[in-house]
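Since the structure comes first, as C-alpha cells, the remarks are kept for the end.
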Amino acid sequence: METDYRQVAQLIKEQGNVVAFTGAGISVESGIPAFRGGQGLWEKYDPMEYADIRAFLRSPEKVWTMLREMGDVILRAEPSPAHKALGVLEKAGLLNAVITQNVDGLHQMAGNTNVIEYHGNHRRLVCPGCSYTGPFTEESMQVLPYPVCARCQRALKPDVVFFGEQIPVSASARAGIEAAACKVMIIVGTSGAVYPAADIPFTASEKGATIVEINVSPTPFTSSITNYFVEGSASTILPRILNELGLDLA
Ligand code: OAD
C-alpha cells in the first residue's frame with residue numbers, strides 16, 4: 001500500500017498532464033452518502049422512480065421529496081481532505097482538470113478551477129420547459145410541493161442529469177478531450193457503474209494514459225484498465241500523495 005501511493009506521487013511528478021475522474025466516494029467524508037452500497041441513496045430510493053426524467057415529469061412532488069433531502073445535505077457539505085488535496089495539486093500545477101460525476105460543487109469550493117461537471121450541478125435549478133436557470137437555495141427547498149418556473153409555471157428541477165437525459169454537450173466534449181490528452185488519470189471513488197461516464201477512463205487508457213485508482217474496494221476498472229490500485233479512503237490517500245510531493249493541505 002505504502003509503495004503504491006509513493007509510486008503515484010512519482011507518476012504525477014514525472015508524467016505531466018494529470019486528470020482526476022471522481023465519483024460519489026470522494027464526497028462521502030463530506031457527509032454526502034454514495035449512491036450504491038449499504039448506506040447508498042439508491043437503497044432508499046428506487047432510481048427508476050426518483051432519478052428518471054419521465055418519473056420527474058409525471059410526478060414532480062414525489063421526486064422533490066428526495067431532491068429536498070439531497071439538496072439539504074449538499075448545501076451543508078464542506079470539501080473533504082480529498083477535495084482539498086485535488087485543489088492543492090491544481091494550484092501546484094500538477095493537475096490539469098477534474099472530471100466529476102458529482103453534482104455537489106465541492107471541487108470548486110476546494111479551489112479547482114477546471115472542473116467538468118458531467119452530471120450537472122445540484123446547486124442550480126433549471127426549468128425543463130423553457131430552460132430558465134436560477135440558484136438552488138434554502139428558500140427553494142421550502143416551497144411546497146415544489147418550486148415552479150416564474151416564466152412558464154412548470155416544476156423546476158436541479159440542473160442534474162436524470163436517467164433518460166443527455167449529458168450536457170460541452171461537458172461531454174471537454175471530458176473527451178481531457179481524457180484523450182492526459183498522461184495519468186486518477187479515478188477516485190466511483191463504482192464505474194454508470195455510462196457514458198464510465199467510458200471516460202477507458203478512453204484515457206486506450207490513448208495511452210496510466211490509470212491510477214483510489215477506492216475502498218475494487219471496481220470493474222480495477223481488473224481491466226487500472227495500472228495502480230490504491231486501496232483506502234480518498235481522504236486518507238490523497239493527502240498522503242500530497243505529502244509525498246512535498247505539499248500539504250493547509
Ligand atoms: P457509487 O455510489 O456508484 O460508487 C461510489 C464508489 O465510491 C464505490 O466504488 C465505493 O467503493 C467508493 N467509495 C466509498 N467511500 C469511499 C471513500 N471514502 N474513498 C474512496 N472511495 C470510496 O457512486 P458513483 O460511481 O459516483 O448518476 O455513481 C455514478 C453515478 O450513479 C452518479 O453520478 C449518479 C448515480 O446514479 C446520476 O445521477 C446520473
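Chain labels follow the order of the C-alpha cells: the first chain is A, the next B, and so on; residue numbering restarts at 1 in every chain, and ligands are counted from 1 in their shown order.
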
### Message
Neighbours of ligand 1 at 9 Å or closer, counting only C-alpha atoms and all ligand atoms: which residues, as a count of residues only?
### Response
57

### Message
Would you pick out the contacts of A:Leu245 at 9 Å or less, using only C-alpha atoms, so that residues sharing its chain but fewer than 4 positions from it are not included, and give the list as a list in words?
### Response
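After dropping sequence-adjacent residues, the list is Arg6, Ala9, Gln10, Ile12, Lys13, Arg240 and Ile241 of chain A.
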
### Task
Figure out the distance between atom CA of A:Ala171 and atom CA of A:Leu125, please, to one decimal in Å.
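Atom CA of A:Ala171 lies 17.6 Å from atom CA of A:Leu125.
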
### Query
Nearest to A:Lys183 among A:Cys127, A:Val73, A:Ala204, A:Ala209, with distances taken over only C-alpha atoms: which residue is it?
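Smallest separation from A:Lys183 among the options: A:Ala209.
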
### Query
How far is it from atom CA of A:Pro239 to atom CA of A:Ala20, in Å with one decimal?
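A separation of 14.5 Å between them.
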
### Query
Using only C-alpha atoms, which residue out of A:Val88, A:Ala150, A:Ala55, A:Leu144 lies closest to A:Leu249?
A:Val88
